[in-house]
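Below is one structure; the comments refer to it alone.
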Amino acid sequence: MAKRLTVEVAIVGGGPAGLTAAIALAEAGLKTALITRRPATDHRTTALLSGSVTALETLGVWAGCAAQAASLRVMRIVDATSRLVRAPEVRFAASEIGLDAFGHNIENRHLLAALDARAQTLPSLTRVEDDARAVETNDAGATVTLKSGDSIAARLVIGADGRRSLCRTAAGIESDGRAYPQTALTFNLAHGRPHQDISTEFHTESGPFTLVPLPGERSSLVWVVEPAEADRIAALDDASLNDEIEQRSHSFLGKIAVEPGRGIFPLAVETVRSFGQSRIALIGEAAHLIPPIGAQGLNLGLRDAACIGELVVSARRDGGDVGAPDLLARYDALRRADVKSRTFAVDLLNRTLLSDFLPVQSARGLALYLIDRIGPLRRAVLREGVAPAASQPRLMRGEVL
Ligand SMILES: Cc1cc2nc3c(=O)[nH]c(=O)nc-3n(C[C@H](O)[C@H](O)[C@H](O)COP(=O)(O)OP(=O)(O)OC[C@H]3O[C@@H](n4cnc5c(N)ncnc54)[C@H](O)[C@@H]3O)c2cc1C
């Protein structure tokens with residue numbers, strides 16, 4: 001016979017954004033269900049900026065994976081285009097803005113394992129290993145129906161179910177976006193020379209080629225190219241790939257040895273028109289998709305999780321309805337500016353890389369030159385890149401909910 005579980009908040013999707021929201025709510029004592037299908041193997045890494053690391057520390061997650069993360073102390077941007085106008089090489093150090101590191105790079109599998117381990121310690125959290133098949137809402141609450149036929153009743157549903165979100169459709173939320181003529185290839189690799197905690201982004205005509213430190217003499221690579229070129233690279237054997245990566249990186253990391261586990265991701269940008277309505281709040285890639293430039297995607301997703309967590313915990317303390325329309329409207333208002341501004345900046349940077357139009361290339365070169373040379377501007381850009389002045393939820397400031 002089908003079972004029915006009643007909770008205060010049901011979260012659909014056990015990726016990093018969903019798990020973080022679940023931990024934040026359950027830690028504050030809310031009866032929470034996390035509906036999660038077995039995740040696909042993810043060989044990517046995530047550069048977690050310092051606010052995200054603080055939030056994970058505050059939630060008791062970071063201690064479980066800190067040893068597998070590498071510090072990002074310096075960022076280097078190299079214009080590797082062969083264009084007439086090229087930007088100067090720019091280096092930013094975290095110490096310029098009083099930080100030990102901009103953040104930490106970690107393999108997603110280690111981050112997910114630490115989140116999973118922490119989630120299992122929380123008595124208020126019920127983990128349901130199943131697929132959500134339907135979400136229905138009304139003025140009083142929401143019901144999530146599972147593939148098994150069981151169902152979960154809640155006051156609020158958090159859609160953390162990724163880019164093809166069932167929750168987004170159930171809430172009737174539209175999104176705006178478009179696909180880019182670009183594909184990201186991901187690899188983890190060992191190398192002969194130390195990375196010295198420096199992340200290096202080569203800008204090329206087809207997109208960035210970014211090497212980000214991992215612990216030891218290892219790094220992750222996100223290589224953005226045109227789709228046909230991605231197919232060619234994906235078909236290379238390890239030896240040819242090693243040579244090509246070494247060549248593209250101008251051998252600064254010495255000999256390269258790619259590890260098993262390659263990834264291929266068509267790039268797109270997409271933002272929802274509403275972050276929450278009809279008792280459904282959207283977080284992570286269910287709400288926004290952003291190209292992997294400047295490490296913003298999951299950092300935004302974790303801020304979504306922290307923000308909805310903060311609003312829900314506060315409503316619950318005041319004896320309010322945790323899925324009320326005014327709470328969702330407030331969530332929408334709080335997240336919109338942060339997501340929109342970062343999407344705009346990343347989209348603009350990506351488009352200036354792809355553009356063959358000389359004035360656009362000159363403007364990009366000039367912008368990087370000015371950022372490099374003008375101290376206060378440089379520090380303002382760095383601070384804003386690491387932590388938005390306007391929207392740092394409490395967890396990102398190290399405050400428990
Ligand atoms: C190449 C690349 C590099 C990146 N690098 C960075 C980086 O350095 N820094 C950064 O901040 N971001 C980065 N990102 C972005 C980051 O990877 C994503 O933002 C993040 O993985 C999204 O997490 P999520 O939890 O929102 O979604 P997902 O990880 O997609 O999780 C969604 C989960 O929901 C589950 N699910 C879906 N539907 C259902 C259902 N009906 N029922 C039950 N479960 C369901 C799925 O199985 C999945 O487990 C990168 C992205 C790419 C493509």
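Chain labels A, B, ... are given in the sequence in which chains occur in the structure tokens; within each chain residues are numbered consecutively from 1, and ligands are likewise numbered from 1 in the order shown.
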DSSP on the backbone, strand (DSSP E) only: what residues of stretch 194-267 of chain A does that give? Format it as a short mmCIF file (atom, residue, chain, number, x, y, z; two decimals) with C-alpha atoms, in the first residue's frame.
```cif
data_model
loop_
_atom_site.label_atom_id
_atom_site.label_comp_id
_atom_site.auth_asym_id
_atom_site.auth_seq_id
_atom_site.Cartn_x
_atom_site.Cartn_y
_atom_site.Cartn_z
CA ILE A 198 47.58 29.47 -8.88
CA SER A 199 44.51 29.08 -11.05
CA THR A 200 45.26 29.95 -14.70
CA GLU A 201 42.64 30.94 -17.24
CA PHE A 202 43.83 31.12 -20.87
CA HIS A 203 41.34 33.08 -22.95
CA THR A 204 41.08 31.74 -26.49
CA GLY A 207 36.35 30.27 -24.87
CA PRO A 208 38.47 29.80 -21.76
CA PHE A 209 40.95 26.99 -21.07
CA THR A 210 41.13 26.98 -17.28
CA LEU A 211 43.47 24.99 -15.04
CA VAL A 212 42.48 24.98 -11.38
CA PRO A 213 44.65 23.47 -8.61
CA LEU A 214 43.74 20.22 -6.84
CA ARG A 218 47.13 17.72 -9.81
CA SER A 219 44.70 20.16 -11.42
CA SER A 220 41.29 20.16 -13.03
CA LEU A 221 40.83 21.51 -16.54
CA VAL A 222 37.72 23.09 -18.07
CA TRP A 223 38.33 23.50 -21.80
CA VAL A 224 35.68 25.40 -23.74
CA VAL A 225 35.65 24.87 -27.52
CA ILE A 256 50.57 16.11 -18.27
CA ALA A 257 48.84 12.79 -17.44
CA VAL A 258 45.03 12.87 -17.76
CA GLY A 263 33.17 15.10 -19.02
CA ILE A 264 31.44 16.93 -21.87
CA PHE A 265 28.86 19.69 -21.31
CA PRO A 266 27.06 21.77 -23.98
CA LEU A 267 26.96 25.37 -22.71
#
```
Write out, as CSV, each residue of stretch 88-193 of chain A that has an atom at most 9 Å from stretch 284-287 of chain A, together with the closest pair of atoms and their distance in Å to one decimal, counting only C-alpha atoms, rows going by chain and rising number.
```
residue,atom,partner,partner_atom,distance
A:Gly159,CA,A:Ala286,CA,6.6
A:Ala160,CA,A:Ala286,CA,5.8
A:Asp161,CA,A:Ala286,CA,5.8
A:Gly162,CA,A:Ala286,CA,4.4
A:Arg163,CA,A:Ala286,CA,4.9
A:Arg164,CA,A:Ala286,CA,6.9
A:Ser165,CA,A:Ala286,CA,5.3
A:Leu166,CA,A:Ala286,CA,8.7
A:Cys167,CA,A:Ala286,CA,8.1
A:Arg168,CA,A:Ala286,CA,6.9
A:Ser175,CA,A:Ala287,CA,8.3
```
Using C-alpha atoms, can you write the selected residues to a file as a compact mmCIF listing (two decimals), in the first residue's frame?
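Written output follows (again38.txt):
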```txt
# COMPACT_ATOMS: atom_id res chain seq x y z
CA GLY A 159 13.09 22.35 -6.42
CA ALA A 160 16.80 21.45 -6.51
CA ASP A 161 16.26 19.08 -9.40
CA GLY A 162 18.73 20.51 -11.91
CA ARG A 163 18.44 21.92 -15.38
CA ARG A 164 15.37 19.93 -16.50
CA SER A 165 13.42 20.70 -13.36
CA LEU A 166 10.11 18.98 -12.78
CA CYS A 167 9.42 21.43 -9.93
CA ARG A 168 9.89 24.43 -12.25
CA SER A 175 12.74 30.80 -18.10
```
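Here the DSSP assignment of helix (DSSP H, G or I), based on backbone atoms, applies within stretch 89-155 of chain A to Ala94, Ser95, Glu96, Ile97, Asn108, Arg109, His110, Leu111, Leu112, Ala113, Ala114, Leu115, Asp116, Ala117, Arg118 and Ala119 of chain A.
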Output file for the residues above (C-alpha atoms, as a PDB file, in the first residue's frame):
```
ATOM      1  CA  ALA A  94      43.691  36.790  -2.514  1.00  0.00           C
ATOM      2  CA  SER A  95      45.984  38.618  -0.079  1.00  0.00           C
ATOM      3  CA  GLU A  96      45.170  41.900  -1.899  1.00  0.00           C
ATOM      4  CA  ILE A  97      41.713  41.790  -0.321  1.00  0.00           C
ATOM      5  CA  ASN A 108      32.370  17.082  -6.770  1.00  0.00           C
ATOM      6  CA  ARG A 109      32.415  13.444  -5.592  1.00  0.00           C
ATOM      7  CA  HIS A 110      34.278  14.432  -2.398  1.00  0.00           C
ATOM      8  CA  LEU A 111      31.961  17.399  -1.778  1.00  0.00           C
ATOM      9  CA  LEU A 112      28.868  15.219  -2.277  1.00  0.00           C
ATOM     10  CA  ALA A 113      30.272  12.513   0.027  1.00  0.00           C
ATOM     11  CA  ALA A 114      30.836  15.089   2.810  1.00  0.00           C
ATOM     12  CA  LEU A 115      27.336  16.550   2.326  1.00  0.00           C
ATOM     13  CA  ASP A 116      25.824  13.042   2.373  1.00  0.00           C
ATOM     14  CA  ALA A 117      27.711  12.111   5.535  1.00  0.00           C
ATOM     15  CA  ARG A 118      26.538  15.270   7.328  1.00  0.00           C
ATOM     16  CA  ALA A 119      22.937  14.775   6.142  1.00  0.00           C
TER      17      ALA A 119
END
```
Pick out the residues no farther than 6 Å from ligand 1, counting only C-alpha atoms and all ligand atoms, and list them as a PDB file with N, CA, C and O atoms, in the first residue's frame.
```
ATOM      1  N   VAL A  12      13.325  18.357  -3.635  1.00  0.00           N
ATOM      2  CA  VAL A  12      13.478  17.401  -4.740  1.00  0.00           C
ATOM      3  C   VAL A  12      14.858  17.616  -5.360  1.00  0.00           C
ATOM      4  O   VAL A  12      15.148  18.702  -5.873  1.00  0.00           O
ATOM      5  N   GLY A  13      15.719  16.581  -5.303  1.00  0.00           N
ATOM      6  CA  GLY A  13      17.046  16.670  -5.918  1.00  0.00           C
ATOM      7  C   GLY A  13      18.145  16.665  -4.885  1.00  0.00           C
ATOM      8  O   GLY A  13      18.217  17.568  -4.048  1.00  0.00           O
ATOM      9  N   GLY A  14      18.998  15.643  -4.943  1.00  0.00           N
ATOM     10  CA  GLY A  14      20.087  15.494  -3.954  1.00  0.00           C
ATOM     11  C   GLY A  14      21.440  15.836  -4.531  1.00  0.00           C
ATOM     12  O   GLY A  14      22.443  15.209  -4.191  1.00  0.00           O
ATOM     13  N   GLY A  15      21.508  16.856  -5.420  1.00  0.00           N
ATOM     14  CA  GLY A  15      22.799  17.405  -5.866  1.00  0.00           C
ATOM     15  C   GLY A  15      23.330  18.306  -4.756  1.00  0.00           C
ATOM     16  O   GLY A  15      22.750  18.381  -3.662  1.00  0.00           O
ATOM     17  N   PRO A  16      24.428  19.008  -5.005  1.00  0.00           N
ATOM     18  CA  PRO A  16      25.005  19.824  -3.933  1.00  0.00           C
ATOM     19  C   PRO A  16      24.075  20.921  -3.415  1.00  0.00           C
ATOM     20  O   PRO A  16      24.054  21.199  -2.213  1.00  0.00           O
ATOM     21  N   ALA A  17      23.265  21.535  -4.298  1.00  0.00           N
ATOM     22  CA  ALA A  17      22.371  22.608  -3.828  1.00  0.00           C
ATOM     23  C   ALA A  17      21.274  22.019  -2.928  1.00  0.00           C
ATOM     24  O   ALA A  17      21.007  22.546  -1.836  1.00  0.00           O
ATOM     25  N   GLY A  18      20.651  20.921  -3.359  1.00  0.00           N
ATOM     26  CA  GLY A  18      19.566  20.302  -2.577  1.00  0.00           C
ATOM     27  C   GLY A  18      20.057  19.800  -1.233  1.00  0.00           C
ATOM     28  O   GLY A  18      19.405  20.008  -0.195  1.00  0.00           O
ATOM     29  N   ILE A  35      14.265  14.173  -1.434  1.00  0.00           N
ATOM     30  CA  ILE A  35      13.951  13.129  -2.422  1.00  0.00           C
ATOM     31  C   ILE A  35      15.089  13.105  -3.428  1.00  0.00           C
ATOM     32  O   ILE A  35      15.348  14.098  -4.110  1.00  0.00           O
ATOM     33  N   THR A  36      15.778  12.016  -3.488  1.00  0.00           N
ATOM     34  CA  THR A  36      16.971  12.002  -4.317  1.00  0.00           C
ATOM     35  C   THR A  36      17.118  10.700  -5.082  1.00  0.00           C
ATOM     36  O   THR A  36      17.088   9.626  -4.489  1.00  0.00           O
ATOM     37  N   ARG A  37      17.245  10.830  -6.399  1.00  0.00           N
ATOM     38  CA  ARG A  37      17.576   9.635  -7.180  1.00  0.00           C
ATOM     39  C   ARG A  37      19.089   9.484  -7.138  1.00  0.00           C
ATOM     40  O   ARG A  37      19.816  10.447  -6.886  1.00  0.00           O
ATOM     41  N   PRO A  39      22.663   9.779  -7.804  1.00  0.00           N
ATOM     42  CA  PRO A  39      23.295  10.728  -8.731  1.00  0.00           C
ATOM     43  C   PRO A  39      24.226  10.031  -9.721  1.00  0.00           C
ATOM     44  O   PRO A  39      24.835   9.015  -9.396  1.00  0.00           O
ATOM     45  N   THR A  46      34.612  21.668  -8.354  1.00  0.00           N
ATOM     46  CA  THR A  46      33.990  22.966  -8.143  1.00  0.00           C
ATOM     47  C   THR A  46      34.949  23.875  -7.397  1.00  0.00           C
ATOM     48  O   THR A  46      35.499  23.487  -6.353  1.00  0.00           O
ATOM     49  N   ALA A  47      35.142  25.074  -7.945  1.00  0.00           N
ATOM     50  CA  ALA A  47      35.893  26.090  -7.219  1.00  0.00           C
ATOM     51  C   ALA A  47      34.882  26.784  -6.304  1.00  0.00           C
ATOM     52  O   ALA A  47      34.016  27.511  -6.768  1.00  0.00           O
ATOM     53  N   LEU A  48      34.969  26.490  -5.016  1.00  0.00           N
ATOM     54  CA  LEU A  48      34.045  27.077  -4.034  1.00  0.00           C
ATOM     55  C   LEU A  48      34.667  28.367  -3.516  1.00  0.00           C
ATOM     56  O   LEU A  48      35.772  28.343  -2.962  1.00  0.00           O
ATOM     57  N   ASP A 131      12.349   8.730  -7.256  1.00  0.00           N
ATOM     58  CA  ASP A 131      12.170   9.795  -8.242  1.00  0.00           C
ATOM     59  C   ASP A 131      10.880  10.536  -7.948  1.00  0.00           C
ATOM     60  O   ASP A 131       9.853   9.883  -7.739  1.00  0.00           O
ATOM     61  N   ALA A 132      10.919  11.859  -7.972  1.00  0.00           N
ATOM     62  CA  ALA A 132       9.654  12.607  -7.895  1.00  0.00           C
ATOM     63  C   ALA A 132       9.006  12.519  -9.276  1.00  0.00           C
ATOM     64  O   ALA A 132       9.678  12.744 -10.292  1.00  0.00           O
ATOM     65  N   ARG A 133       7.740  12.182  -9.327  1.00  0.00           N
ATOM     66  CA  ARG A 133       7.053  12.061 -10.608  1.00  0.00           C
ATOM     67  C   ARG A 133       6.085  13.223 -10.853  1.00  0.00           C
ATOM     68  O   ARG A 133       5.799  13.583 -11.984  1.00  0.00           O
ATOM     69  N   ALA A 160      15.342  21.430  -6.323  1.00  0.00           N
ATOM     70  CA  ALA A 160      16.802  21.452  -6.506  1.00  0.00           C
ATOM     71  C   ALA A 160      17.119  20.363  -7.526  1.00  0.00           C
ATOM     72  O   ALA A 160      18.111  19.658  -7.425  1.00  0.00           O
ATOM     73  N   ASP A 161      16.216  20.243  -8.506  1.00  0.00           N
ATOM     74  CA  ASP A 161      16.258  19.079  -9.396  1.00  0.00           C
ATOM     75  C   ASP A 161      16.907  19.375 -10.748  1.00  0.00           C
ATOM     76  O   ASP A 161      16.562  18.761 -11.758  1.00  0.00           O
ATOM     77  N   GLY A 162      17.858  20.330 -10.750  1.00  0.00           N
ATOM     78  CA  GLY A 162      18.725  20.506 -11.906  1.00  0.00           C
ATOM     79  C   GLY A 162      18.057  21.138 -13.117  1.00  0.00           C
ATOM     80  O   GLY A 162      16.958  21.661 -13.057  1.00  0.00           O
ATOM     81  N   LEU A 166      11.527  19.320 -12.867  1.00  0.00           N
ATOM     82  CA  LEU A 166      10.108  18.979 -12.778  1.00  0.00           C
ATOM     83  C   LEU A 166       9.370  20.013 -11.912  1.00  0.00           C
ATOM     84  O   LEU A 166       8.240  20.408 -12.205  1.00  0.00           O
ATOM     85  N   ALA A 184      31.887  22.521 -23.088  1.00  0.00           N
ATOM     86  CA  ALA A 184      32.980  22.448 -22.099  1.00  0.00           C
ATOM     87  C   ALA A 184      33.409  20.995 -21.945  1.00  0.00           C
ATOM     88  O   ALA A 184      32.575  20.116 -21.738  1.00  0.00           O
ATOM     89  N   THR A 186      35.773  18.495 -19.617  1.00  0.00           N
ATOM     90  CA  THR A 186      36.407  18.542 -18.290  1.00  0.00           C
ATOM     91  C   THR A 186      37.332  17.336 -18.106  1.00  0.00           C
ATOM     92  O   THR A 186      36.998  16.222 -18.528  1.00  0.00           O
ATOM     93  N   VAL A 222      38.967  22.860 -17.324  1.00  0.00           N
ATOM     94  CA  VAL A 222      37.723  23.091 -18.066  1.00  0.00           C
ATOM     95  C   VAL A 222      38.140  23.748 -19.372  1.00  0.00           C
ATOM     96  O   VAL A 222      38.735  24.827 -19.369  1.00  0.00           O
ATOM     97  N   PHE A 265      30.060  18.938 -21.678  1.00  0.00           N
ATOM     98  CA  PHE A 265      28.858  19.689 -21.306  1.00  0.00           C
ATOM     99  C   PHE A 265      28.556  20.788 -22.329  1.00  0.00           C
ATOM    100  O   PHE A 265      29.343  21.747 -22.441  1.00  0.00           O
ATOM    101  N   GLY A 284      19.659  26.439  -7.239  1.00  0.00           N
ATOM    102  CA  GLY A 284      20.685  25.802  -8.070  1.00  0.00           C
ATOM    103  C   GLY A 284      20.309  25.839  -9.546  1.00  0.00           C
ATOM    104  O   GLY A 284      19.665  26.776 -10.026  1.00  0.00           O
ATOM    105  N   GLU A 285      20.721  24.802 -10.274  1.00  0.00           N
ATOM    106  CA  GLU A 285      20.513  24.814 -11.727  1.00  0.00           C
ATOM    107  C   GLU A 285      19.044  24.690 -12.118  1.00  0.00           C
ATOM    108  O   GLU A 285      18.701  24.896 -13.278  1.00  0.00           O
ATOM    109  N   PRO A 292      30.614  27.891 -17.317  1.00  0.00           N
ATOM    110  CA  PRO A 292      31.639  27.715 -16.275  1.00  0.00           C
ATOM    111  C   PRO A 292      32.811  28.672 -16.451  1.00  0.00           C
ATOM    112  O   PRO A 292      33.921  28.281 -16.776  1.00  0.00           O
ATOM    113  N   ALA A 295      33.840  30.588 -12.057  1.00  0.00           N
ATOM    114  CA  ALA A 295      33.355  29.770 -10.925  1.00  0.00           C
ATOM    115  C   ALA A 295      32.151  30.375 -10.217  1.00  0.00           C
ATOM    116  O   ALA A 295      32.206  30.665  -9.034  1.00  0.00           O
ATOM    117  N   GLN A 296      31.069  30.572 -10.937  1.00  0.00           N
ATOM    118  CA  GLN A 296      29.910  31.198 -10.294  1.00  0.00           C
ATOM    119  C   GLN A 296      28.753  30.209 -10.042  1.00  0.00           C
ATOM    120  O   GLN A 296      28.015  30.351  -9.080  1.00  0.00           O
ATOM    121  N   GLY A 297      28.567  29.197 -10.921  1.00  0.00           N
ATOM    122  CA  GLY A 297      27.351  28.370 -10.920  1.00  0.00           C
ATOM    123  C   GLY A 297      26.920  27.826  -9.570  1.00  0.00           C
ATOM    124  O   GLY A 297      25.875  28.192  -9.038  1.00  0.00           O
ATOM    125  N   LEU A 298      27.727  26.949  -8.985  1.00  0.00           N
ATOM    126  CA  LEU A 298      27.303  26.349  -7.727  1.00  0.00           C
ATOM    127  C   LEU A 298      27.423  27.341  -6.568  1.00  0.00           C
ATOM    128  O   LEU A 298      26.680  27.244  -5.592  1.00  0.00           O
ATOM    129  N   ASN A 299      28.330  28.304  -6.685  1.00  0.00           N
ATOM    130  CA  ASN A 299      28.408  29.325  -5.631  1.00  0.00           C
ATOM    131  C   ASN A 299      27.084  30.079  -5.549  1.00  0.00           C
ATOM    132  O   ASN A 299      26.600  30.376  -4.451  1.00  0.00           O
ATOM    133  N   GLY A 301      24.249  28.700  -6.493  1.00  0.00           N
ATOM    134  CA  GLY A 301      23.320  27.674  -6.002  1.00  0.00           C
ATOM    135  C   GLY A 301      23.362  27.534  -4.487  1.00  0.00           C
ATOM    136  O   GLY A 301      22.331  27.360  -3.827  1.00  0.00           O
TER     137      GLY A 301
END
```
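Residues surrounding A:Val313 within 9 Å are Ala24, Leu25, Ala28, Gly29, Leu30, Ile308, Gly309, Arg317, Asp318, Val322 and Leu401 of chain A [only C-alpha atoms; sequence separation below 4 positions excluded].
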What are the closest atom pairs, with distances in Å to one decimal, for all residues of stretch 9-55 of chain A lying within 8 Å of stretch 394-398 of chain A? Consider only C-alpha atoms, order rows by chain and residue number, and present the result as a tab-separated table.
```
residue	atom	partner	partner_atom	distance
A:Gly51	CA	A:Met396	CA	4.6
A:Ser52	CA	A:Met396	CA	6.0
A:Val53	CA	A:Met396	CA	7.8
A:Thr54	CA	A:Met396	CA	5.5
A:Ala55	CA	A:Met396	CA	4.6
```
- So which one's closest to A:Val269, A:Thr343, A:Gln196, A:Gln247, A:Thr58? Using only C-alpha atoms, please.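 Checking each of A:Thr343, A:Gln196, A:Gln247, A:Thr58 against A:Val269, counting only C-alpha atoms, the winner is A:Thr343.
Neighbours of A:Arg178 closer than or equal to 12 Å, with only C-alpha atoms counted and sequence neighbours fewer than 4 positions away skipped, come out as A:Gln182, A:Pro266, A:Leu267, A:Ala268, A:Val269, A:Glu270, A:Thr271, A:His288, A:Leu289, A:Ile290, A:Pro291, A:Asp347.
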File dump, residues just selected, all heavy atoms, as an mmCIF file, in the first residue's frame:
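This went into out.cif:
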```
data_model
loop_
_atom_site.group_PDB
_atom_site.id
_atom_site.type_symbol
_atom_site.label_atom_id
_atom_site.label_comp_id
_atom_site.auth_asym_id
_atom_site.auth_seq_id
_atom_site.Cartn_x
_atom_site.Cartn_y
_atom_site.Cartn_z
ATOM 1 N N GLN A 182 29.164 26.499 -27.951
ATOM 2 C CA GLN A 182 30.362 26.081 -27.202
ATOM 3 C C GLN A 182 30.063 24.836 -26.367
ATOM 4 O O GLN A 182 28.932 24.663 -25.890
ATOM 5 C CB GLN A 182 30.777 27.175 -26.212
ATOM 6 C CG GLN A 182 31.362 28.420 -26.828
ATOM 7 C CD GLN A 182 31.401 29.531 -25.796
ATOM 8 O OE1 GLN A 182 30.362 29.933 -25.264
ATOM 9 N NE2 GLN A 182 32.592 30.019 -25.499
ATOM 10 N N PRO A 266 27.453 20.669 -23.084
ATOM 11 C CA PRO A 266 27.060 21.772 -23.982
ATOM 12 C C PRO A 266 26.719 22.997 -23.132
ATOM 13 O O PRO A 266 26.100 22.859 -22.068
ATOM 14 C CB PRO A 266 25.800 21.244 -24.682
ATOM 15 C CG PRO A 266 25.677 19.818 -24.306
ATOM 16 C CD PRO A 266 26.496 19.571 -23.081
ATOM 17 N N LEU A 267 27.153 24.184 -23.556
ATOM 18 C CA LEU A 267 26.955 25.371 -22.712
ATOM 19 C C LEU A 267 25.696 26.153 -23.076
ATOM 20 O O LEU A 267 25.340 26.281 -24.252
ATOM 21 C CB LEU A 267 28.162 26.295 -22.805
ATOM 22 C CG LEU A 267 29.473 25.725 -22.305
ATOM 23 C CD1 LEU A 267 30.495 26.838 -22.137
ATOM 24 C CD2 LEU A 267 29.308 24.979 -20.986
ATOM 25 N N ALA A 268 25.072 26.676 -22.064
ATOM 26 C CA ALA A 268 23.861 27.477 -22.251
ATOM 27 C C ALA A 268 23.753 28.447 -21.087
ATOM 28 O O ALA A 268 24.422 28.293 -20.066
ATOM 29 C CB ALA A 268 22.640 26.564 -22.278
ATOM 30 N N VAL A 269 22.920 29.452 -21.268
ATOM 31 C CA VAL A 269 22.614 30.362 -20.168
ATOM 32 C C VAL A 269 21.100 30.373 -20.025
ATOM 33 O O VAL A 269 20.374 30.337 -21.025
ATOM 34 C CB VAL A 269 23.193 31.767 -20.438
ATOM 35 C CG1 VAL A 269 22.577 32.418 -21.647
ATOM 36 C CG2 VAL A 269 23.073 32.671 -19.240
ATOM 37 N N GLU A 270 20.624 30.362 -18.795
ATOM 38 C CA GLU A 270 19.174 30.319 -18.577
ATOM 39 C C GLU A 270 18.866 30.844 -17.170
ATOM 40 O O GLU A 270 19.582 30.511 -16.226
ATOM 41 C CB GLU A 270 18.699 28.862 -18.696
ATOM 42 C CG GLU A 270 17.201 28.715 -18.784
ATOM 43 C CD GLU A 270 16.774 27.276 -19.079
ATOM 44 O OE1 GLU A 270 17.638 26.382 -19.170
ATOM 45 O OE2 GLU A 270 15.561 27.059 -19.198
ATOM 46 N N THR A 271 17.849 31.685 -17.063
ATOM 47 C CA THR A 271 17.417 32.156 -15.735
ATOM 48 C C THR A 271 15.902 32.115 -15.680
ATOM 49 O O THR A 271 15.230 32.511 -16.639
ATOM 50 C CB THR A 271 17.872 33.619 -15.470
ATOM 51 O OG1 THR A 271 19.261 33.721 -15.765
ATOM 52 C CG2 THR A 271 17.647 34.028 -14.029
ATOM 53 N N HIS A 288 18.888 28.554 -12.440
ATOM 54 C CA HIS A 288 19.800 29.311 -13.318
ATOM 55 C C HIS A 288 20.922 28.428 -13.816
ATOM 56 O O HIS A 288 21.470 27.606 -13.097
ATOM 57 C CB HIS A 288 20.401 30.508 -12.568
ATOM 58 C CG HIS A 288 20.855 30.169 -11.182
ATOM 59 N ND1 HIS A 288 22.004 29.478 -10.922
ATOM 60 C CD2 HIS A 288 20.275 30.387 -9.980
ATOM 61 C CE1 HIS A 288 22.128 29.299 -9.619
ATOM 62 N NE2 HIS A 288 21.084 29.833 -9.017
ATOM 63 N N LEU A 289 21.234 28.648 -15.079
ATOM 64 C CA LEU A 289 22.337 27.940 -15.719
ATOM 65 C C LEU A 289 23.296 29.020 -16.186
ATOM 66 O O LEU A 289 22.855 30.030 -16.743
ATOM 67 C CB LEU A 289 21.759 27.203 -16.926
ATOM 68 C CG LEU A 289 22.438 25.957 -17.435
ATOM 69 C CD1 LEU A 289 22.605 24.953 -16.309
ATOM 70 C CD2 LEU A 289 21.561 25.347 -18.545
ATOM 71 N N ILE A 290 24.579 28.828 -15.967
ATOM 72 C CA ILE A 290 25.552 29.870 -16.279
ATOM 73 C C ILE A 290 26.812 29.169 -16.795
ATOM 74 O O ILE A 290 27.161 28.103 -16.291
ATOM 75 C CB ILE A 290 25.768 30.717 -14.994
ATOM 76 C CG1 ILE A 290 26.620 31.936 -15.220
ATOM 77 C CG2 ILE A 290 26.302 29.926 -13.872
ATOM 78 C CD1 ILE A 290 26.567 32.930 -14.038
ATOM 79 N N PRO A 291 27.485 29.694 -17.823
ATOM 80 C CA PRO A 291 28.664 28.993 -18.320
ATOM 81 C C PRO A 291 29.767 28.913 -17.260
ATOM 82 O O PRO A 291 29.835 29.784 -16.378
ATOM 83 C CB PRO A 291 29.143 29.848 -19.508
ATOM 84 C CG PRO A 291 28.111 30.856 -19.756
ATOM 85 C CD PRO A 291 27.228 30.944 -18.566
ATOM 86 N N ASP A 347 28.141 36.269 -19.154
ATOM 87 C CA ASP A 347 27.674 36.253 -20.546
ATOM 88 C C ASP A 347 28.447 37.280 -21.379
ATOM 89 O O ASP A 347 28.912 36.996 -22.486
ATOM 90 C CB ASP A 347 26.166 36.547 -20.545
ATOM 91 C CG ASP A 347 25.578 36.518 -21.939
ATOM 92 O OD1 ASP A 347 25.838 35.528 -22.661
ATOM 93 O OD2 ASP A 347 24.871 37.468 -22.321
#
```
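Atom CA of A:Arg232 to atom CA of A:His191 spans 22.8 Å [interatomic distance, one decimal].
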- Which residues come within 6 Å of stretch 65-69 of chain A, counting only C-alpha atoms, excluding same-chain residues fewer than 3 positions away, as an MDAnalysis selection string? chainID A and resid 62 104:106 114
- Can you work out which one of A:Pro123, A:Arg262, A:Ala153, A:Glu229 has the shortest atom-to-atom distance to A:Asp42, counting only C-alpha atoms?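 Of A:Pro123, A:Arg262, A:Ala153, A:Glu229, the one nearest A:Asp42 is A:Arg262, counting only C-alpha atoms.
Compared by their closest atoms to A:Thr169, and using only C-alpha atoms, the residues A:Gly149, A:Gly64, A:Pro215, A:Gly276 rank with A:Gly276 nearest.
With distances taken over only C-alpha atoms, A:Ser71 is the one residue among A:Asn350, A:Ser71, A:Thr32, A:Thr45 lying closest to A:Asp197.
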- What gap, in Å, lies between atom CA of A:Asn138 and atom CA of A:Leu125?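 Going from atom CA of A:Asn138 over to atom CA of A:Leu125, I get 23.9 Å.
For the set A:Ala324, A:Ala333, A:Leu241, A:Met1, the residue with the smallest atom-to-atom gap to A:Arg273 is A:Ala333, counting only C-alpha atoms.
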- Excluding A:Glu136 and residues on its chain fewer than 4 positions from it, collect all residues at most 10 Å away from it, counting only C-alpha atoms, and give them as a PyMOL selection string. chain A and resi 141-145+153+157+167+170-171+278-280
